[in-house]
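**Q** The structure file input22.tsv (TSV, N, CA and C atoms) is provided below.
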```
chain	number	residue	atom	x	y	z
A	1	MET	N	5.09	-15.44	1.50
A	1	MET	CA	5.05	-14.01	1.54
A	1	MET	C	4.36	-13.49	0.26
A	2	SER	N	3.46	-12.56	0.41
A	2	SER	CA	2.72	-12.06	-0.75
A	2	SER	C	3.59	-11.11	-1.55
A	3	ARG	N	3.26	-10.98	-2.81
A	3	ARG	CA	4.00	-10.07	-3.69
A	3	ARG	C	3.37	-8.69	-3.58
A	4	ARG	N	3.65	-8.03	-2.48
A	4	ARG	CA	3.07	-6.73	-2.18
A	4	ARG	C	4.14	-5.83	-1.59
A	5	CYS	N	4.16	-4.58	-2.04
A	5	CYS	CA	5.10	-3.60	-1.50
A	5	CYS	C	4.70	-3.29	-0.06
A	6	GLN	N	5.67	-3.28	0.85
A	6	GLN	CA	5.37	-3.07	2.26
A	6	GLN	C	4.97	-1.63	2.55
A	7	ILE	N	5.35	-0.70	1.72
A	7	ILE	CA	5.05	0.71	1.97
A	7	ILE	C	3.87	1.20	1.14
A	8	THR	N	3.93	1.01	-0.17
A	8	THR	CA	2.87	1.55	-1.03
A	8	THR	C	1.69	0.60	-1.19
A	9	GLY	N	1.89	-0.69	-0.91
A	9	GLY	CA	0.81	-1.65	-1.04
A	9	GLY	C	0.56	-2.12	-2.46
A	10	THR	N	1.47	-1.81	-3.38
A	10	THR	CA	1.33	-2.23	-4.77
A	10	THR	C	1.29	-3.75	-4.86
A	11	SER	N	0.31	-4.29	-5.59
A	11	SER	CA	0.16	-5.73	-5.73
A	11	SER	C	0.02	-6.08	-7.21
A	12	PRO	N	0.03	-7.38	-7.56
A	12	PRO	CA	-0.06	-7.77	-8.97
A	12	PRO	C	-1.36	-7.31	-9.62
A	13	LEU	N	-1.26	-6.97	-10.92
A	13	LEU	CA	-2.43	-6.61	-11.72
A	13	LEU	C	-2.82	-7.82	-12.55
A	14	VAL	N	-4.11	-7.97	-12.81
A	14	VAL	CA	-4.62	-9.08	-13.60
A	14	VAL	C	-5.29	-8.52	-14.84
A	15	GLY	N	-5.02	-9.16	-15.98
A	15	GLY	CA	-5.62	-8.69	-17.23
A	15	GLY	C	-5.61	-9.79	-18.26
A	16	ASN	N	-5.92	-9.42	-19.48
A	16	ASN	CA	-5.94	-10.36	-20.59
A	16	ASN	C	-4.81	-10.07	-21.55
A	17	ARG	N	-4.17	-11.16	-22.03
A	17	ARG	CA	-3.21	-11.04	-23.11
A	17	ARG	C	-4.01	-11.32	-24.38
A	18	VAL	N	-4.04	-10.40	-25.31
A	18	VAL	CA	-4.89	-10.52	-26.49
A	18	VAL	C	-4.02	-10.77	-27.71
A	19	SER	N	-4.28	-11.88	-28.41
A	19	SER	CA	-3.52	-12.23	-29.61
A	19	SER	C	-4.07	-11.48	-30.83
A	20	HIS	N	-3.40	-11.63	-31.95
A	20	HIS	CA	-3.85	-11.00	-33.19
A	20	HIS	C	-5.22	-11.53	-33.61
A	21	ALA	N	-5.50	-12.81	-33.29
A	21	ALA	CA	-6.80	-13.41	-33.59
A	21	ALA	C	-7.83	-13.07	-32.52
A	22	HIS	N	-7.46	-12.22	-31.58
A	22	HIS	CA	-8.32	-11.75	-30.49
A	22	HIS	C	-8.67	-12.85	-29.49
A	23	ASN	N	-7.77	-13.86	-29.38
A	23	ASN	CA	-7.92	-14.84	-28.31
A	23	ASN	C	-7.42	-14.21	-27.02
A	24	LYS	N	-8.15	-14.44	-25.94
A	24	LYS	CA	-7.79	-13.82	-24.67
A	24	LYS	C	-7.35	-14.88	-23.67
A	25	THR	N	-6.19	-14.70	-23.09
A	25	THR	CA	-5.70	-15.57	-22.03
A	25	THR	C	-5.32	-14.69	-20.84
A	26	LYS	N	-5.58	-15.20	-19.64
A	26	LYS	CA	-5.30	-14.42	-18.44
A	26	LYS	C	-3.80	-14.27	-18.23
A	27	MET	N	-3.40	-13.11	-17.72
A	27	MET	CA	-2.01	-12.87	-17.39
A	27	MET	C	-1.92	-12.02	-16.12
A	28	ARG	N	-0.76	-12.07	-15.47
A	28	ARG	CA	-0.52	-11.25	-14.28
A	28	ARG	C	0.70	-10.38	-14.52
A	29	GLN	N	0.59	-9.12	-14.14
A	29	GLN	CA	1.73	-8.22	-14.18
A	29	GLN	C	2.20	-8.05	-12.74
A	30	LEU	N	3.39	-8.55	-12.45
A	30	LEU	CA	3.91	-8.52	-11.10
A	30	LEU	C	4.67	-7.21	-10.86
A	31	PRO	N	4.58	-6.66	-9.65
A	31	PRO	CA	5.35	-5.46	-9.34
A	31	PRO	C	6.84	-5.77	-9.25
A	32	ASN	N	7.65	-4.77	-9.52
A	32	ASN	CA	9.11	-4.92	-9.49
A	32	ASN	C	9.59	-4.80	-8.05
A	33	LEU	N	9.45	-5.89	-7.29
A	33	LEU	CA	9.81	-5.88	-5.87
A	33	LEU	C	11.30	-6.15	-5.67
A	34	GLN	N	11.88	-5.39	-4.75
A	34	GLN	CA	13.28	-5.53	-4.40
A	34	GLN	C	13.41	-5.63	-2.89
A	35	ARG	N	14.30	-6.49	-2.41
A	35	ARG	CA	14.63	-6.51	-0.98
A	35	ARG	C	15.77	-5.54	-0.78
A	36	LYS	N	15.59	-4.64	0.17
A	36	LYS	CA	16.57	-3.58	0.34
A	36	LYS	C	16.80	-3.30	1.80
A	37	ARG	N	18.04	-3.00	2.14
A	37	ARG	CA	18.40	-2.59	3.49
A	37	ARG	C	18.72	-1.10	3.39
A	38	ILE	N	17.93	-0.28	4.07
A	38	ILE	CA	18.03	1.17	3.95
A	38	ILE	C	18.49	1.77	5.27
A	39	TRP	N	19.47	2.66	5.21
A	39	TRP	CA	19.93	3.37	6.40
A	39	TRP	C	18.98	4.52	6.66
A	40	VAL	N	18.45	4.59	7.88
A	40	VAL	CA	17.53	5.65	8.28
A	40	VAL	C	18.21	6.48	9.37
A	41	PRO	N	18.68	7.69	9.01
A	41	PRO	CA	19.40	8.50	10.00
A	41	PRO	C	18.53	8.91	11.19
A	42	GLU	N	17.23	9.12	10.96
A	42	GLU	CA	16.34	9.52	12.06
A	42	GLU	C	16.24	8.43	13.13
A	43	LEU	N	16.29	7.17	12.70
A	43	LEU	CA	16.23	6.05	13.64
A	43	LEU	C	17.62	5.59	14.08
A	44	GLY	N	18.63	5.99	13.32
A	44	GLY	CA	20.00	5.61	13.66
A	44	GLY	C	20.33	4.16	13.38
A	45	GLN	N	19.62	3.52	12.45
A	45	GLN	CA	19.88	2.12	12.13
A	45	GLN	C	19.34	1.77	10.75
A	46	TYR	N	19.67	0.56	10.32
A	46	TYR	CA	19.18	0.05	9.05
A	46	TYR	C	17.79	-0.55	9.24
A	47	VAL	N	16.98	-0.48	8.19
A	47	VAL	CA	15.71	-1.21	8.17
A	47	VAL	C	15.71	-2.07	6.90
A	48	ARG	N	15.12	-3.24	7.00
A	48	ARG	CA	15.03	-4.16	5.86
A	48	ARG	C	13.61	-4.14	5.35
A	49	VAL	N	13.44	-3.79	4.08
A	49	VAL	CA	12.10	-3.66	3.50
A	49	VAL	C	12.04	-4.39	2.16
A	50	ARG	N	10.84	-4.71	1.75
A	50	ARG	CA	10.58	-5.30	0.44
A	50	ARG	C	9.67	-4.32	-0.29
A	51	ILE	N	10.26	-3.54	-1.19
A	51	ILE	CA	9.52	-2.45	-1.83
A	51	ILE	C	9.70	-2.48	-3.34
A	52	THR	N	8.86	-1.73	-4.03
A	52	THR	CA	8.96	-1.63	-5.48
A	52	THR	C	10.11	-0.71	-5.85
A	53	ALA	N	10.61	-0.87	-7.06
A	53	ALA	CA	11.71	-0.03	-7.53
A	53	ALA	C	11.27	1.43	-7.60
A	54	ARG	N	10.02	1.67	-7.92
A	54	ARG	CA	9.50	3.03	-7.98
A	54	ARG	C	9.50	3.68	-6.60
A	55	ALA	N	9.10	2.94	-5.58
A	55	ALA	CA	9.11	3.46	-4.21
A	55	ALA	C	10.54	3.71	-3.75
A	56	LEU	N	11.47	2.87	-4.19
A	56	LEU	CA	12.87	3.03	-3.83
A	56	LEU	C	13.42	4.34	-4.38
A	57	ARG	N	13.03	4.70	-5.59
A	57	ARG	CA	13.45	5.97	-6.18
A	57	ARG	C	12.87	7.14	-5.41
A	58	SER	N	11.61	7.01	-4.99
A	58	SER	CA	10.98	8.08	-4.22
A	58	SER	C	11.64	8.24	-2.86
A	59	ILE	N	12.01	7.13	-2.24
A	59	ILE	CA	12.69	7.18	-0.94
A	59	ILE	C	14.05	7.85	-1.09
A	60	ALA	N	14.75	7.57	-2.19
A	60	ALA	CA	16.05	8.20	-2.42
A	60	ALA	C	15.91	9.71	-2.57
A	61	LYS	N	14.79	10.16	-3.11
A	61	LYS	CA	14.57	11.59	-3.32
A	61	LYS	C	14.06	12.29	-2.07
A	62	VAL	N	13.06	11.71	-1.41
A	62	VAL	CA	12.36	12.37	-0.31
A	62	VAL	C	12.94	11.99	1.04
A	63	GLY	N	13.31	10.71	1.20
A	63	GLY	CA	13.76	10.19	2.49
A	63	GLY	C	12.79	9.14	2.98
A	64	PHE	N	13.28	8.21	3.79
A	64	PHE	CA	12.47	7.08	4.23
A	64	PHE	C	11.32	7.49	5.15
A	65	VAL	N	11.64	8.28	6.18
A	65	VAL	CA	10.62	8.66	7.16
A	65	VAL	C	9.51	9.53	6.54
A	66	PRO	N	9.84	10.59	5.75
A	66	PRO	CA	8.76	11.37	5.14
A	66	PRO	C	7.91	10.55	4.17
A	67	PHE	N	8.55	9.62	3.44
A	67	PHE	CA	7.79	8.81	2.49
A	67	PHE	C	6.83	7.86	3.21
A	68	CYS	N	7.29	7.28	4.33
A	68	CYS	CA	6.41	6.41	5.12
A	68	CYS	C	5.23	7.20	5.67
A	69	ARG	N	5.50	8.38	6.20
A	69	ARG	CA	4.42	9.20	6.78
A	69	ARG	C	3.42	9.62	5.71
A	70	LYS	N	3.91	9.90	4.50
A	70	LYS	CA	3.02	10.27	3.40
A	70	LYS	C	2.07	9.12	3.04
A	71	ASN	N	2.56	7.89	3.18
A	71	ASN	CA	1.75	6.72	2.87
A	71	ASN	C	1.02	6.17	4.08
A	72	GLY	N	1.08	6.87	5.21
A	72	GLY	CA	0.31	6.47	6.40
A	72	GLY	C	0.88	5.29	7.14
A	73	ILE	N	2.21	5.13	7.13
A	73	ILE	CA	2.85	3.99	7.81
A	73	ILE	C	3.83	4.53	8.83
A	74	ASP	N	3.88	3.90	9.98
A	74	ASP	CA	4.83	4.28	11.03
A	74	ASP	C	6.19	3.71	10.66
A	75	PRO	N	7.22	4.55	10.50
A	75	PRO	CA	8.54	4.04	10.12
A	75	PRO	C	9.15	3.10	11.15
A	76	LYS	N	8.76	3.22	12.41
A	76	LYS	CA	9.32	2.35	13.45
A	76	LYS	C	8.79	0.92	13.35
A	77	SER	N	7.76	0.69	12.54
A	77	SER	CA	7.23	-0.67	12.40
A	77	SER	C	8.19	-1.58	11.63
A	78	PHE	N	9.19	-1.00	10.95
A	78	PHE	CA	10.15	-1.79	10.18
A	78	PHE	C	11.39	-2.13	11.00
A	79	VAL	N	11.50	-1.60	12.21
A	79	VAL	CA	12.67	-1.85	13.07
A	79	VAL	C	12.51	-3.21	13.72
A	80	ARG	N	13.59	-4.00	13.64
A	80	ARG	CA	13.58	-5.32	14.27
A	80	ARG	C	13.87	-5.17	15.75
A	81	SER	N	13.20	-5.97	16.55
A	81	SER	CA	13.43	-5.91	18.01
A	81	SER	C	14.59	-6.77	18.42
```
Written as structure tokens, how would this file's structure read?

**A**
Amino acid sequence: MSRRCQITGTSPLVGNRVSHAHNKTKMRQLPNLQRKRIWVPELGQYVRVRITARALRSIAKVGFVPFCRKNGIDPKSFVRS
């Protein structure tokens, strides 16, 4: 499974770690991904998502369905059959 937020699409960043002597080595900054089970009242059930902590805060403020629609994702795609 890739290290990518299922809703916002946030993925790892690549850059250089620069020492005092200006030596450069490659590094990756990974997103703060969390597995979360969220209750969605509009759907009447829980959905299981893998999202960033920042997206989780936004969902707590706005709601799951409006946040998905804002990011162009159908909220029903997270429902298990």

**Q** Which of these, A:Arg80, A:Arg35, A:Arg50, A:Lys26, has the shortest distance to Ile7 of chain A once you count only N, CA and C atoms?

**A**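 For Ile7 of chain A, the nearest of the candidates is A:Arg50.
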
**Q** Quick check for you: according to DSSP on this backbone, which residues of chain A are classed as helix (DSSP H, G or I)? Reply as a ChimeraX atom specification.

**A** /A:53-62,64-70,75-78

**Q** To one decimal place, how far is atom CA of Leu33 of chain A from atom C of Ile51 of chain A in Å?

**A** 4.2 Å

**Q** How far is it from atom N of Arg48 of chain A to atom CA of Val62 of chain A, in Å with one decimal?

**A**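 Separation between atom N of Arg48 of chain A and atom CA of Val62 of chain A: 17.5 Å.
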
**Q** Rank nothing, just name the residue among A:Val47, A:Pro41, A:His22, A:Gly9 nearest to Ser77 of chain A, using only C-alpha atoms.

**A**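 Closest to Ser77 of chain A, using only C-alpha atoms: A:Val47.
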
**Q** Atom CA of Gln45 of chain A and atom N of Arg4 of chain A are how many Å apart?

**A** 24.1 Å

**Q** Could you add all heavy atoms to segment 22-33 of chain A and give me the result as an mmCIF file, in the coordinates of the input?

**A**
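Dumped everything to part.cif:
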```cif
data_model
loop_
_atom_site.group_PDB
_atom_site.id
_atom_site.type_symbol
_atom_site.label_atom_id
_atom_site.label_comp_id
_atom_site.auth_asym_id
_atom_site.auth_seq_id
_atom_site.Cartn_x
_atom_site.Cartn_y
_atom_site.Cartn_z
ATOM 1 N N HIS A 22 -7.460 -12.220 -31.580
ATOM 2 C CA HIS A 22 -8.320 -11.750 -30.490
ATOM 3 C C HIS A 22 -8.670 -12.850 -29.490
ATOM 4 O O HIS A 22 -9.724 -12.813 -28.851
ATOM 5 C CB HIS A 22 -9.591 -11.088 -31.049
ATOM 6 C CG HIS A 22 -10.057 -9.953 -30.204
ATOM 7 N ND1 HIS A 22 -9.342 -8.793 -30.056
ATOM 8 C CD2 HIS A 22 -11.144 -9.812 -29.419
ATOM 9 C CE1 HIS A 22 -9.988 -7.988 -29.248
ATOM 10 N NE2 HIS A 22 -11.085 -8.582 -28.841
ATOM 11 N N ASN A 23 -7.770 -13.860 -29.380
ATOM 12 C CA ASN A 23 -7.920 -14.840 -28.310
ATOM 13 C C ASN A 23 -7.420 -14.210 -27.020
ATOM 14 O O ASN A 23 -6.387 -13.551 -27.017
ATOM 15 C CB ASN A 23 -7.095 -16.098 -28.608
ATOM 16 C CG ASN A 23 -7.544 -16.780 -29.879
ATOM 17 O OD1 ASN A 23 -8.704 -16.705 -30.253
ATOM 18 N ND2 ASN A 23 -6.607 -17.424 -30.555
ATOM 19 N N LYS A 24 -8.150 -14.440 -25.940
ATOM 20 C CA LYS A 24 -7.790 -13.820 -24.670
ATOM 21 C C LYS A 24 -7.350 -14.880 -23.670
ATOM 22 O O LYS A 24 -8.067 -15.850 -23.449
ATOM 23 C CB LYS A 24 -8.958 -13.027 -24.096
ATOM 24 C CG LYS A 24 -9.323 -11.851 -24.949
ATOM 25 C CD LYS A 24 -10.564 -11.155 -24.466
ATOM 26 C CE LYS A 24 -10.932 -10.072 -25.458
ATOM 27 N NZ LYS A 24 -12.284 -9.601 -25.255
ATOM 28 N N THR A 25 -6.190 -14.700 -23.090
ATOM 29 C CA THR A 25 -5.700 -15.570 -22.030
ATOM 30 C C THR A 25 -5.320 -14.690 -20.840
ATOM 31 O O THR A 25 -4.815 -13.588 -21.007
ATOM 32 C CB THR A 25 -4.479 -16.393 -22.472
ATOM 33 O OG1 THR A 25 -3.477 -15.497 -22.916
ATOM 34 C CG2 THR A 25 -4.847 -17.361 -23.579
ATOM 35 N N LYS A 26 -5.580 -15.200 -19.640
ATOM 36 C CA LYS A 26 -5.300 -14.420 -18.440
ATOM 37 C C LYS A 26 -3.800 -14.270 -18.230
ATOM 38 O O LYS A 26 -3.028 -15.187 -18.491
ATOM 39 C CB LYS A 26 -5.891 -15.112 -17.202
ATOM 40 C CG LYS A 26 -7.378 -14.947 -17.069
ATOM 41 C CD LYS A 26 -7.689 -13.543 -16.614
ATOM 42 C CE LYS A 26 -9.157 -13.447 -16.239
ATOM 43 N NZ LYS A 26 -9.533 -12.097 -15.866
ATOM 44 N N MET A 27 -3.400 -13.110 -17.720
ATOM 45 C CA MET A 27 -2.010 -12.870 -17.390
ATOM 46 C C MET A 27 -1.920 -12.020 -16.120
ATOM 47 O O MET A 27 -2.892 -11.381 -15.736
ATOM 48 C CB MET A 27 -1.283 -12.166 -18.524
ATOM 49 C CG MET A 27 -1.743 -10.762 -18.777
ATOM 50 S SD MET A 27 -0.629 -9.941 -19.902
ATOM 51 C CE MET A 27 -0.691 -8.297 -19.245
ATOM 52 N N ARG A 28 -0.760 -12.070 -15.470
ATOM 53 C CA ARG A 28 -0.520 -11.250 -14.280
ATOM 54 C C ARG A 28 0.700 -10.380 -14.520
ATOM 55 O O ARG A 28 1.710 -10.854 -15.029
ATOM 56 C CB ARG A 28 -0.236 -12.144 -13.062
ATOM 57 C CG ARG A 28 -1.443 -12.897 -12.580
ATOM 58 C CD ARG A 28 -1.092 -13.768 -11.399
ATOM 59 N NE ARG A 28 -0.757 -12.925 -10.252
ATOM 60 C CZ ARG A 28 -0.241 -13.370 -9.116
ATOM 61 N NH1 ARG A 28 -0.001 -14.648 -8.977
ATOM 62 N NH2 ARG A 28 0.023 -12.566 -8.119
ATOM 63 N N GLN A 29 0.590 -9.120 -14.140
ATOM 64 C CA GLN A 29 1.730 -8.220 -14.180
ATOM 65 C C GLN A 29 2.200 -8.050 -12.740
ATOM 66 O O GLN A 29 1.488 -7.471 -11.921
ATOM 67 C CB GLN A 29 1.345 -6.875 -14.771
ATOM 68 C CG GLN A 29 1.024 -6.945 -16.241
ATOM 69 C CD GLN A 29 0.635 -5.592 -16.791
ATOM 70 O OE1 GLN A 29 0.098 -4.761 -16.073
ATOM 71 N NE2 GLN A 29 0.901 -5.394 -18.053
ATOM 72 N N LEU A 30 3.390 -8.550 -12.450
ATOM 73 C CA LEU A 30 3.910 -8.520 -11.100
ATOM 74 C C LEU A 30 4.670 -7.210 -10.860
ATOM 75 O O LEU A 30 5.327 -6.689 -11.761
ATOM 76 C CB LEU A 30 4.862 -9.701 -10.860
ATOM 77 C CG LEU A 30 4.235 -11.077 -11.028
ATOM 78 C CD1 LEU A 30 5.298 -12.153 -10.866
ATOM 79 C CD2 LEU A 30 3.121 -11.285 -10.030
ATOM 80 N N PRO A 31 4.580 -6.660 -9.650
ATOM 81 C CA PRO A 31 5.350 -5.460 -9.340
ATOM 82 C C PRO A 31 6.840 -5.770 -9.250
ATOM 83 O O PRO A 31 7.225 -6.894 -8.945
ATOM 84 C CB PRO A 31 4.797 -5.011 -7.979
ATOM 85 C CG PRO A 31 4.232 -6.237 -7.382
ATOM 86 C CD PRO A 31 3.752 -7.093 -8.512
ATOM 87 N N ASN A 32 7.650 -4.770 -9.520
ATOM 88 C CA ASN A 32 9.110 -4.920 -9.490
ATOM 89 C C ASN A 32 9.590 -4.800 -8.050
ATOM 90 O O ASN A 32 10.070 -3.753 -7.625
ATOM 91 C CB ASN A 32 9.746 -3.855 -10.385
ATOM 92 C CG ASN A 32 11.227 -4.041 -10.531
ATOM 93 O OD1 ASN A 32 11.786 -5.020 -10.060
ATOM 94 N ND2 ASN A 32 11.875 -3.086 -11.164
ATOM 95 N N LEU A 33 9.450 -5.890 -7.290
ATOM 96 C CA LEU A 33 9.810 -5.880 -5.870
ATOM 97 C C LEU A 33 11.300 -6.150 -5.670
ATOM 98 O O LEU A 33 11.876 -7.007 -6.326
ATOM 99 C CB LEU A 33 9.007 -6.927 -5.102
ATOM 100 C CG LEU A 33 7.528 -6.626 -4.939
ATOM 101 C CD1 LEU A 33 6.843 -7.790 -4.251
ATOM 102 C CD2 LEU A 33 7.314 -5.364 -4.161
#
```
